[in-house]
Amino acid sequence: MDVIARAVEAGGANWITIHARTKQERYQPGVHWDAVARVKSRLSIPVVANGDLFTAEDVAHCAAETGCSHFMIGRGILKNPFLAHDIRASRPLPALRQDIPTRTPDRLMLGIERYAKLTQDQAANSGFIPSRVKQWAGMVRDISDEAPRQLLKAVKHARTTSELLTMLQAQ
Ligand SMILES: Cc1cc2nc3c(=O)[nH]c(=O)nc-3n(C[C@H](O)[C@H](O)[C@H](O)COP(=O)(O)O)c2cc1C
C-alpha cells in the first residue's frame, strides 16, 4: 500500500482515500488502520480513511488509530442518514453541536426528496432513482423502526422520479 500511495502522491494527487482492505477481503470484518497510519506518516497530502465507519465512536477510534482527520463513509450514511450530524454532535467544539436536526421519518423523507431533485437530471433512466431509494429504504435502520416502513410505503409504487417526488410530497 505504501508504494502505491507514494506513487499517487508523486503523480500529483491532492489527497488519497484508502479503503483499508484488500480486494479479496471485500467487506469482511477488520479494517487495516495500522496500514493507513503508516501511509499517513509518510505522505504530505491528506489521507482520507474509509471502511466500516458506522458510528461517531467508529470515527473517533479510526482517528486515534490512524491520525487521520478526514473520513469517507459509505454504508454507514446509508444505514443512518444522520450519521454526519452524530459525528458533529460528538465533536468537542460546542459551535459544532448547534442546530443538529431531529432524526425523524419526516426529516428522512425531506432528505430523500432533496436527493431525488439533486440527481434527477443525472439518472441513467427514469426508474434509476426510485430503485435506488427502495434499495436505500431496505438499508435505513438507525433512525426508527417506523422510518423504513413509512418510506417504503410512500415509494413502493413509484416507477419514475416524478412519481417518486409526487408520492413523497403527498406524505
Ligand atoms: C452503494 C455503494 C456504491 C459503491 N460504489 C462504488 C464505486 O462506484 N466505486 C468504488 O470504488 N467503490 C464503490 N463503493 C465502495 C465504497 O466506496 C467504499 O470504499 C466501501 O463501501 C467501504 O466503505 P464503507 O465501509 O463506509 O461502506 C460503493 C459502496 C456502496 C455502499
# chains A, B, ... in the order shown; residues from 1 in each chain; ligands from 1
>>> residues_near_ligand(ligand="ligand 1", cutoff="8 Å", atoms="only C-alpha atoms and all ligand atoms", output="JSON, numbers by chain")
{"A": [18, 19, 27, 50, 51, 52, 53, 54, 72, 73, 74, 75, 76, 77, 78]}
>>> write_last_selection(atoms="all heavy atoms", output="tab-separated table (two decimals), in the first residue's frame")
chain	number	residue	atom	x	y	z
A	18	ILE	N	-8.26	5.87	1.30
A	18	ILE	CA	-7.89	4.46	1.41
A	18	ILE	C	-9.00	3.66	2.09
A	18	ILE	O	-9.34	3.91	3.25
A	18	ILE	CB	-6.58	4.29	2.19
A	18	ILE	CG1	-5.46	5.09	1.53
A	18	ILE	CG2	-6.20	2.82	2.29
A	18	ILE	CD1	-4.13	5.05	2.27
A	19	HIS	N	-9.57	2.70	1.32
A	19	HIS	CA	-10.47	1.70	1.92
A	19	HIS	C	-9.53	0.59	2.36
A	19	HIS	O	-9.09	-0.22	1.55
A	19	HIS	CB	-11.48	1.21	0.89
A	19	HIS	CG	-12.37	0.12	1.43
A	19	HIS	ND1	-13.11	-0.70	0.62
A	19	HIS	CD2	-12.60	-0.30	2.70
A	19	HIS	CE1	-13.79	-1.56	1.37
A	19	HIS	NE2	-13.49	-1.33	2.63
A	27	TYR	N	-15.84	-6.96	2.12
A	27	TYR	CA	-16.34	-6.28	3.33
A	27	TYR	C	-16.14	-7.13	4.59
A	27	TYR	O	-16.79	-6.88	5.61
A	27	TYR	CB	-17.83	-5.96	3.17
A	27	TYR	CG	-18.12	-4.80	2.24
A	27	TYR	CD1	-19.09	-4.89	1.25
A	27	TYR	CD2	-17.43	-3.60	2.37
A	27	TYR	CE1	-19.38	-3.82	0.42
A	27	TYR	CE2	-17.69	-2.53	1.52
A	27	TYR	CZ	-18.67	-2.65	0.55
A	27	TYR	OH	-18.94	-1.58	-0.28
A	50	ASN	N	-11.20	5.20	5.10
A	50	ASN	CA	-12.52	4.65	4.71
A	50	ASN	C	-12.63	3.18	5.08
A	50	ASN	O	-11.69	2.43	4.93
A	50	ASN	CB	-12.71	4.81	3.20
A	50	ASN	CG	-13.89	4.02	2.66
A	50	ASN	OD1	-13.74	3.11	1.84
A	50	ASN	ND2	-15.08	4.32	3.12
A	51	GLY	N	-13.81	2.76	5.58
A	51	GLY	CA	-14.08	1.35	5.86
A	51	GLY	C	-14.74	1.15	7.21
A	51	GLY	O	-14.21	1.54	8.25
A	52	ASP	N	-15.93	0.61	7.21
A	52	ASP	CA	-16.63	0.24	8.46
A	52	ASP	C	-16.81	1.39	9.45
A	52	ASP	O	-16.73	1.18	10.66
A	52	ASP	CB	-15.90	-0.91	9.16
A	52	ASP	CG	-16.17	-2.23	8.47
A	52	ASP	OD1	-16.79	-2.21	7.38
A	52	ASP	OD2	-15.77	-3.27	9.02
A	53	LEU	N	-17.05	2.59	8.97
A	53	LEU	CA	-17.34	3.71	9.89
A	53	LEU	C	-18.85	3.84	9.97
A	53	LEU	O	-19.50	4.40	9.08
A	53	LEU	CB	-16.67	4.99	9.38
A	53	LEU	CG	-15.16	4.92	9.23
A	53	LEU	CD1	-14.60	6.17	8.58
A	53	LEU	CD2	-14.48	4.66	10.57
A	54	PHE	N	-19.45	3.28	11.01
A	54	PHE	CA	-20.90	3.23	11.13
A	54	PHE	C	-21.42	4.13	12.26
A	54	PHE	O	-22.63	4.40	12.33
A	54	PHE	CB	-21.36	1.79	11.39
A	54	PHE	CG	-21.12	0.88	10.21
A	54	PHE	CD1	-20.12	-0.08	10.26
A	54	PHE	CD2	-21.87	0.99	9.06
A	54	PHE	CE1	-19.88	-0.92	9.17
A	54	PHE	CE2	-21.65	0.16	7.96
A	54	PHE	CZ	-20.64	-0.80	8.01
A	72	MET	N	-14.05	8.98	4.79
A	72	MET	CA	-15.09	8.75	3.77
A	72	MET	C	-16.03	7.66	4.29
A	72	MET	O	-15.56	6.60	4.73
A	72	MET	CB	-14.49	8.32	2.45
A	72	MET	CG	-15.56	8.16	1.37
A	72	MET	SD	-14.87	7.53	-0.16
A	72	MET	CE	-15.46	5.84	-0.10
A	73	ILE	N	-17.34	7.93	4.25
A	73	ILE	CA	-18.32	6.99	4.81
A	73	ILE	C	-19.30	6.57	3.72
A	73	ILE	O	-19.90	7.41	3.07
A	73	ILE	CB	-19.07	7.64	5.99
A	73	ILE	CG1	-18.06	8.04	7.08
A	73	ILE	CG2	-20.13	6.71	6.54
A	73	ILE	CD1	-18.66	8.77	8.25
A	74	GLY	N	-19.45	5.24	3.51
A	74	GLY	CA	-20.37	4.71	2.50
A	74	GLY	C	-21.61	4.13	3.16
A	74	GLY	O	-22.61	4.82	3.40
A	75	ARG	N	-21.58	2.86	3.53
A	75	ARG	CA	-22.76	2.18	4.06
A	75	ARG	C	-23.27	2.80	5.34
A	75	ARG	O	-24.47	2.82	5.60
A	75	ARG	CB	-22.42	0.69	4.30
A	75	ARG	CG	-22.17	-0.09	3.02
A	75	ARG	CD	-21.46	-1.38	3.27
A	75	ARG	NE	-20.17	-1.13	3.89
A	75	ARG	CZ	-19.52	-2.01	4.64
A	75	ARG	NH1	-20.06	-3.17	4.91
A	75	ARG	NH2	-18.33	-1.73	5.15
A	76	GLY	N	-22.34	3.39	6.15
A	76	GLY	CA	-22.78	3.98	7.42
A	76	GLY	C	-23.80	5.09	7.22
A	76	GLY	O	-24.78	5.20	7.97
A	77	ILE	N	-23.61	5.90	6.15
A	77	ILE	CA	-24.53	7.03	5.95
A	77	ILE	C	-25.81	6.56	5.26
A	77	ILE	O	-26.86	7.21	5.37
A	77	ILE	CB	-23.84	8.17	5.18
A	77	ILE	CG1	-24.44	9.51	5.60
A	77	ILE	CG2	-23.89	8.00	3.69
A	77	ILE	CD1	-23.57	10.31	6.52
A	78	LEU	N	-25.75	5.42	4.58
A	78	LEU	CA	-26.99	4.85	4.01
A	78	LEU	C	-27.84	4.27	5.13
A	78	LEU	O	-29.06	4.43	5.14
A	78	LEU	CB	-26.64	3.77	2.99
A	78	LEU	CG	-25.96	4.25	1.71
A	78	LEU	CD1	-25.55	3.05	0.85
A	78	LEU	CD2	-26.86	5.18	0.91
>>> select_by_dssp(residues="range 5-162 of chain A", states="strand (DSSP E)", output="ChimeraX atom specification")
/A:16-19,47-50,70-72
>>> write_last_selection(atoms="N, CA and C atoms", output="compact mmCIF listing (two decimals), in the first residue's frame")
# COMPACT_ATOMS: atom_id res chain seq x y z
N ILE A 16 -5.51 11.37 -0.90
CA ILE A 16 -5.71 9.95 -1.23
C ILE A 16 -6.71 9.37 -0.23
N THR A 17 -7.68 8.60 -0.77
CA THR A 17 -8.66 7.94 0.09
C THR A 17 -8.34 6.45 0.11
N ILE A 18 -8.26 5.87 1.30
CA ILE A 18 -7.89 4.46 1.41
C ILE A 18 -9.00 3.66 2.09
N HIS A 19 -9.57 2.70 1.32
CA HIS A 19 -10.47 1.70 1.92
C HIS A 19 -9.53 0.59 2.36
N VAL A 47 -4.68 12.16 3.94
CA VAL A 47 -5.11 10.76 3.76
C VAL A 47 -6.52 10.64 4.33
N VAL A 48 -7.46 10.20 3.50
CA VAL A 48 -8.85 10.04 3.91
C VAL A 48 -9.08 8.57 4.24
N ALA A 49 -9.49 8.29 5.48
CA ALA A 49 -9.68 6.89 5.91
C ALA A 49 -11.09 6.42 5.58
N ASN A 50 -11.20 5.20 5.10
CA ASN A 50 -12.52 4.65 4.71
C ASN A 50 -12.63 3.18 5.08
N HIS A 70 -9.66 13.18 8.13
CA HIS A 70 -10.63 13.15 7.03
C HIS A 70 -11.12 11.71 6.87
N PHE A 71 -12.43 11.56 6.66
CA PHE A 71 -13.02 10.23 6.62
C PHE A 71 -14.02 10.14 5.46
N MET A 72 -14.05 8.98 4.79
CA MET A 72 -15.09 8.75 3.77
C MET A 72 -16.03 7.66 4.29
>>> residues_around(residues="range 149-158 of chain A", least_positions_apart="3", cutoff="12 Å", atoms="only C-alpha atoms", output="ChimeraX atom specification")
/A:104-113,116,126-141,143-146,161-171
>>> closest_residue(among="A:Ala7, A:Leu118, A:Ile45, A:Met1", to="His32 in chain A", atoms="only C-alpha atoms")
A:Met1
>>> closest_residue(among="A:Val59, A:Leu43, A:Leu83, A:Val31", to="Val8 in chain A", atoms="only C-alpha atoms")
A:Leu43
>>> atom_distance(atom1="CA of Glu57 in chain A", atom2="CA of Glu25 in chain A")
23.2 Å
>>> closest_residue(among="A:Ala123, A:Ala56, A:Val3, A:Ala64", to="Ala37 in chain A", atoms="only C-alpha atoms")
A:Ala64
>>> atom_distance(atom1="CA of Gly30 in chain A", atom2="CA of His61 in chain A")
13.0 Å
>>> decode(residues="range 31-76 of chain A", atoms="C-alpha atoms", output="mmCIF file, in the first residue's frame")
data_model
loop_
_atom_site.group_PDB
_atom_site.id
_atom_site.type_symbol
_atom_site.label_atom_id
_atom_site.label_comp_id
_atom_site.auth_asym_id
_atom_site.auth_seq_id
_atom_site.Cartn_x
_atom_site.Cartn_y
_atom_site.Cartn_z
ATOM 1 C CA VAL A 31 -10.013 -2.807 8.586
ATOM 2 C CA HIS A 32 -6.216 -2.316 8.452
ATOM 3 C CA TRP A 33 -5.978 1.032 10.250
ATOM 4 C CA ASP A 34 -2.297 0.323 11.049
ATOM 5 C CA ALA A 35 -1.510 0.366 7.300
ATOM 6 C CA VAL A 36 -3.362 3.681 6.914
ATOM 7 C CA ALA A 37 -1.404 5.126 9.869
ATOM 8 C CA ARG A 38 1.855 4.096 8.177
ATOM 9 C CA VAL A 39 0.865 5.734 4.887
ATOM 10 C CA LYS A 40 -0.311 8.856 6.734
ATOM 11 C CA SER A 41 3.056 9.164 8.485
ATOM 12 C CA ARG A 42 4.886 9.057 5.125
ATOM 13 C CA LEU A 43 2.769 11.309 2.877
ATOM 14 C CA SER A 44 2.381 15.101 2.925
ATOM 15 C CA ILE A 45 -1.024 15.085 1.172
ATOM 16 C CA PRO A 46 -4.192 14.430 3.259
ATOM 17 C CA VAL A 47 -5.107 10.765 3.764
ATOM 18 C CA VAL A 48 -8.853 10.044 3.913
ATOM 19 C CA ALA A 49 -9.677 6.892 5.905
ATOM 20 C CA ASN A 50 -12.519 4.648 4.712
ATOM 21 C CA GLY A 51 -14.080 1.355 5.859
ATOM 22 C CA ASP A 52 -16.634 0.245 8.456
ATOM 23 C CA LEU A 53 -17.337 3.707 9.887
ATOM 24 C CA PHE A 54 -20.903 3.229 11.134
ATOM 25 C CA THR A 55 -20.958 5.397 14.294
ATOM 26 C CA ALA A 56 -19.338 8.515 15.757
ATOM 27 C CA GLU A 57 -17.392 6.163 18.036
ATOM 28 C CA ASP A 58 -16.031 4.294 14.974
ATOM 29 C CA VAL A 59 -14.776 7.580 13.548
ATOM 30 C CA ALA A 60 -13.154 8.576 16.853
ATOM 31 C CA HIS A 61 -11.465 5.166 17.068
ATOM 32 C CA CYS A 62 -10.275 5.413 13.440
ATOM 33 C CA ALA A 63 -8.893 8.930 14.082
ATOM 34 C CA ALA A 64 -6.992 7.665 17.138
ATOM 35 C CA GLU A 65 -5.593 4.642 15.261
ATOM 36 C CA THR A 66 -4.645 6.381 12.009
ATOM 37 C CA GLY A 67 -4.048 10.018 12.911
ATOM 38 C CA CYS A 68 -6.416 10.916 10.050
ATOM 39 C CA SER A 69 -8.797 13.874 10.297
ATOM 40 C CA HIS A 70 -10.625 13.146 7.027
ATOM 41 C CA PHE A 71 -13.019 10.226 6.617
ATOM 42 C CA MET A 72 -15.094 8.750 3.775
ATOM 43 C CA ILE A 73 -18.317 6.988 4.810
ATOM 44 C CA GLY A 74 -20.368 4.713 2.500
ATOM 45 C CA ARG A 75 -22.755 2.177 4.065
ATOM 46 C CA GLY A 76 -22.777 3.977 7.416
#
